[in-house]
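Have a look at the structure below, then the notes.
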Amino acid sequence: MAEKRDYYEVLGIQKGASADDIKKAYRSLARKYHPDLHPDDKDCAEKFKEVNEAYEVLSDPSKKERYDQFGHAGVDPNYGGGGFNGGAGGFNPFGDMGDIFENLFGGGFGGFSSGTGRSRANAPRKGQDIDTTVTVEFMEACMGIKKEIKTSRLEKCSDCNGTGASAGSTPQTCSECGGLGQVKVGQRTPFGVISSQKVCPKCSGKGKIITNPCPKCAGNGRVRTSKSISVDIPAGIDNGQILRVKGQGDAGINGGPNGDLNVNVRVKAHPIFERDDFDIHCEIPITYAQAVMGDELIVPTIDGNVKYSVSEGTQSGTVFRLKGKGVKKLQRSDRGDQYVKVYVEVPKNLDKKQKELLKAFEASLEDKNYEKKKNFFEKIKDILNK
């Protein structure tokens, strides 16, 4: 069983972080690795699972307390089991000594493997992932858009087809290491003979010798190239989320697959709308008369303007909901909602006649027209009479 990472490390927070910090870190990472953003990506699926497992423990006070005291063994009774071997979860008879010798000499100690495998130096290897950032408008993020993104990546050399050798020649298998890229060495120590491996000095660990390097790539087999890639930005993408485009990273080595392109999405702010997950919020000013008598308002949405009737006596700060007028949810057909907050704009710069009319109107009102004002002063009277 693979060694579990520390849950605090998984969420990228320090031990002792508050519940709010834990929740904030979880939400950010859950969005980043959500399977809907990375379909068929097993790596992201595993990270998403790991993030959820960490949050399940650290968000539960009792589980968190056991984890802080005993680590993984405090919350997982199956953790740490195993037989007498050097693998993860097993018993290594040399403890840290095996790790020390692994670091010093690169080999196992006394015939007991420390569990660290070594792959052939010339085996196929996946290319590096590359990162880039794209900025989109608020409405583009809501509706989805196709973007051309310029990247700089390593591609297989077209002249030598990735071999690194010039035309008419081929790389030769290193006679020193037999193509492994490593050679075994023995070193006598007080603990006995330590068998270890080191990088082959003849081929520098490549396993092959190139006598006639390709002039275009200088024997590397890959060249750096600027490329424009068309990327579909899905409807509902949010600021800070990352899109993974499979196979658009650096070319692999020794015939390995390409790495991936990670696109960090930045969404510009909107002058009217604000977003909270898949819901949209906005504020609309209404006049005093509209608030008093009610009216039909024109309300902007990401789909265009809609009509909404406010009732008589609408108070400043009232919030109403437009169901299904929010952002489309990723990889789904349903949408969030839009919440509209109205506030009464007090008129300014009144002339003399307008002020007189307003005073006359105010004088015509009674206590029943101001329920909140009436209740407020009744509460004050009760307090003063105590």
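How things are named: the first chain in the structure tokens is A, the next is B, and so on; residues count from 1 in each chain; ligands count from 1 in the order shown.
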
Quick one: everything within 6 Å of A:Glu283, counting only C-alpha atoms, minus sequence neighbours fewer than 5 positions away in the same chain. Send it as an mmCIF file with C-alpha atoms, in the first residue's frame.
```
data_model
loop_
_atom_site.group_PDB
_atom_site.id
_atom_site.type_symbol
_atom_site.label_atom_id
_atom_site.label_comp_id
_atom_site.auth_asym_id
_atom_site.auth_seq_id
_atom_site.Cartn_x
_atom_site.Cartn_y
_atom_site.Cartn_z
ATOM 1 C CA VAL A 340 -31.429 40.663 -6.949
ATOM 2 C CA LYS A 341 -31.195 43.181 -4.110
ATOM 3 C CA VAL A 342 -33.165 46.418 -4.492
#
```

- Item | Long-range neighbours of stretch 204-217 of chain A as a PyMOL selection string, 7 Å cut-off, only C-alpha atoms, 2 positions minimum in chain | chain A and resi 121-122+157+159-160+164-166+169+171-174+177-182+199-202+219-223

Store the residues picked out above, limited to N, CA, C and O atoms, as a CSV table (one decimal), in the first residue's frame.
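Wrote it out as out20.csv, contents follow:
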```csv
chain,number,residue,atom,x,y,z
A,121,ALA,N,17.1,3.9,-17.2
A,121,ALA,CA,17.3,5.3,-17.5
A,121,ALA,C,16.8,5.6,-18.9
A,121,ALA,O,16.4,6.7,-19.2
A,122,ASN,N,16.8,4.6,-19.8
A,122,ASN,CA,16.4,4.8,-21.2
A,122,ASN,C,15.0,4.3,-21.4
A,122,ASN,O,14.6,4.1,-22.6
A,157,CYS,N,11.9,16.2,-32.2
A,157,CYS,CA,12.6,16.8,-33.4
A,157,CYS,C,12.2,16.1,-34.7
A,157,CYS,O,12.2,14.9,-34.8
A,159,ASP,N,13.7,16.3,-37.6
A,159,ASP,CA,14.8,15.9,-38.4
A,159,ASP,C,15.3,14.5,-38.0
A,159,ASP,O,15.6,13.7,-38.9
A,160,CYS,N,15.3,14.2,-36.7
A,160,CYS,CA,15.8,12.9,-36.3
A,160,CYS,C,14.7,12.0,-35.8
A,160,CYS,O,15.0,10.9,-35.3
A,164,GLY,N,17.8,11.8,-31.7
A,164,GLY,CA,18.9,12.6,-31.3
A,164,GLY,C,20.1,12.4,-32.2
A,164,GLY,O,21.1,13.1,-32.1
A,165,ALA,N,20.0,11.4,-33.1
A,165,ALA,CA,21.1,11.1,-34.0
A,165,ALA,C,20.8,11.7,-35.4
A,165,ALA,O,19.7,11.8,-35.8
A,166,SER,N,21.9,12.2,-36.1
A,166,SER,CA,21.8,12.8,-37.4
A,166,SER,C,21.3,11.8,-38.4
A,166,SER,O,21.4,10.6,-38.2
A,169,SER,N,22.3,7.9,-39.3
A,169,SER,CA,23.0,7.2,-38.2
A,169,SER,C,22.0,6.9,-37.1
A,169,SER,O,20.9,7.5,-37.1
A,171,PRO,N,21.6,5.9,-32.7
A,171,PRO,CA,22.3,5.8,-31.4
A,171,PRO,C,22.7,4.3,-31.1
A,171,PRO,O,22.0,3.4,-31.5
A,172,GLN,N,23.9,4.2,-30.5
A,172,GLN,CA,24.4,2.9,-30.2
A,172,GLN,C,24.2,2.6,-28.7
A,172,GLN,O,24.3,3.4,-27.9
A,173,THR,N,23.9,1.3,-28.4
A,173,THR,CA,23.7,0.9,-27.0
A,173,THR,C,25.1,1.0,-26.3
A,173,THR,O,26.1,0.6,-26.8
A,174,CYS,N,25.0,1.6,-25.1
A,174,CYS,CA,26.2,1.8,-24.4
A,174,CYS,C,26.8,0.4,-24.0
A,174,CYS,O,26.1,-0.4,-23.4
A,177,CYS,N,27.1,-0.1,-19.8
A,177,CYS,CA,26.0,-0.4,-18.9
A,177,CYS,C,25.0,-1.3,-19.6
A,177,CYS,O,24.0,-1.7,-19.1
A,178,GLY,N,25.2,-1.6,-20.9
A,178,GLY,CA,24.3,-2.5,-21.7
A,178,GLY,C,23.0,-1.8,-21.9
A,178,GLY,O,22.0,-2.5,-22.1
A,179,GLY,N,22.9,-0.5,-21.9
A,179,GLY,CA,21.7,0.2,-22.2
A,179,GLY,C,20.9,0.5,-21.0
A,179,GLY,O,19.8,1.2,-21.1
A,180,LEU,N,21.3,0.1,-19.8
A,180,LEU,CA,20.6,0.4,-18.6
A,180,LEU,C,20.7,1.8,-18.1
A,180,LEU,O,19.9,2.3,-17.3
A,181,GLY,N,21.8,2.4,-18.4
A,181,GLY,CA,22.1,3.8,-17.9
A,181,GLY,C,22.7,3.8,-16.5
A,181,GLY,O,23.1,4.9,-16.0
A,182,GLN,N,22.8,2.6,-15.9
A,182,GLN,CA,23.4,2.5,-14.5
A,182,GLN,C,24.3,1.3,-14.5
A,182,GLN,O,24.1,0.3,-15.2
A,199,VAL,N,25.1,6.2,-11.8
A,199,VAL,CA,24.9,6.6,-13.2
A,199,VAL,C,26.1,6.2,-14.0
A,199,VAL,O,27.3,6.3,-13.6
A,200,CYS,N,25.8,5.6,-15.1
A,200,CYS,CA,26.9,5.1,-16.0
A,200,CYS,C,27.8,6.3,-16.5
A,200,CYS,O,27.3,7.3,-17.0
A,201,PRO,N,29.1,6.3,-16.2
A,201,PRO,CA,29.9,7.4,-16.6
A,201,PRO,C,30.2,7.6,-18.1
A,201,PRO,O,30.5,8.7,-18.5
A,202,LYS,N,30.0,6.5,-18.8
A,202,LYS,CA,30.2,6.6,-20.3
A,202,LYS,C,29.1,7.2,-21.0
A,202,LYS,O,29.3,8.1,-21.9
A,219,GLY,N,21.3,16.6,-30.5
A,219,GLY,CA,21.3,15.3,-29.8
A,219,GLY,C,20.3,15.0,-28.8
A,219,GLY,O,20.2,14.0,-28.2
A,220,ASN,N,19.4,16.1,-28.5
A,220,ASN,CA,18.5,15.9,-27.4
A,220,ASN,C,17.2,15.2,-27.8
A,220,ASN,O,16.4,14.7,-27.0
A,221,GLY,N,16.9,15.2,-29.1
A,221,GLY,CA,15.7,14.5,-29.6
A,221,GLY,C,14.5,15.4,-29.5
A,221,GLY,O,13.4,15.0,-30.0
A,222,ARG,N,14.6,16.5,-28.8
A,222,ARG,CA,13.4,17.4,-28.7
A,222,ARG,C,13.9,18.8,-28.9
A,222,ARG,O,15.0,19.2,-28.6
A,223,VAL,N,13.0,19.6,-29.5
A,223,VAL,CA,13.2,21.1,-29.7
A,223,VAL,C,12.1,21.9,-29.1
A,223,VAL,O,10.9,21.5,-29.1
```

Going by DSSP on the backbone, which bits of stretch 119-345 of chain A are strand (DSSP E or B)? Write them as a ChimeraX atom specification, please. /A:125,130-136,145-156,165,172-173,182-189,192-199,208-209,213,222-233,242-245,253,261-267,274-276,279-286,295-301,304-310,319-322,328,335,338-344

A:Met143 proximity check over A:Lys379, A:Lys373, A:Lys23, A:Arg335, using only C-alpha atoms: winner is A:Arg335

Could you give me, as a PyMOL selection string, the residues within 9 Å of stretch 228-245 of chain A, counting only C-alpha atoms and dropping anything in the same chain fewer than 4 positions from it?
chain A and resi 28-29+31-33+37-38+41+133+136+140-152+249+260-268+275+277-278+327-331+335

note - atom CA of A:Lys355 and atom CA of A:Tyr343 are separated by 21.9 Å

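Considering only stretch 257-344 of chain A, backbone DSSP assigns helix (DSSP H, G or I) to Tyr288, Ala289, Gln290, Ala291, Val292 and Met293 of chain A.
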
TODO: Would you please work out which residue, of A:Arg125, A:His72, A:Arg224, A:Lys63, is nearest to A:Ser158 when using only C-alpha atoms?
DONE: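 Ranking A:Arg125, A:His72, A:Arg224, A:Lys63 by distance to A:Ser158, first place goes to A:Arg224.
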
So that I can see what lies close to A:Asn369, please list as a PyMOL selection string the residues with an atom at most 12 Å from it, counting only C-alpha atoms and leaving out residues fewer than 6 positions away in the same chain. chain A and resi 292+312-313+361-363+375

inquiry  = Just to confirm, what's the straight-line distance from atom CA of A:Asp20 to atom CA of A:Lys49 in Å (one decimal)?
reply    =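 Computed distance, atom CA of A:Asp20 to atom CA of A:Lys49, equals 20.5 Å.
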
Of the residues A:Tyr288, A:Ile22, A:Phe320, A:Glu296, which is the one nearest to A:Val344, using only C-alpha atoms?
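Ranking A:Tyr288, A:Ile22, A:Phe320, A:Glu296 by distance to A:Val344, first place goes to A:Tyr288.
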
Discussion item. Please determine, counting only C-alpha atoms, which residue among A:Ile272, A:Ile298, A:Ile253, A:Ile280 has the shortest atom-to-atom distance to A:Gln338.
Written reply: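 Closest candidate: A:Ile280.
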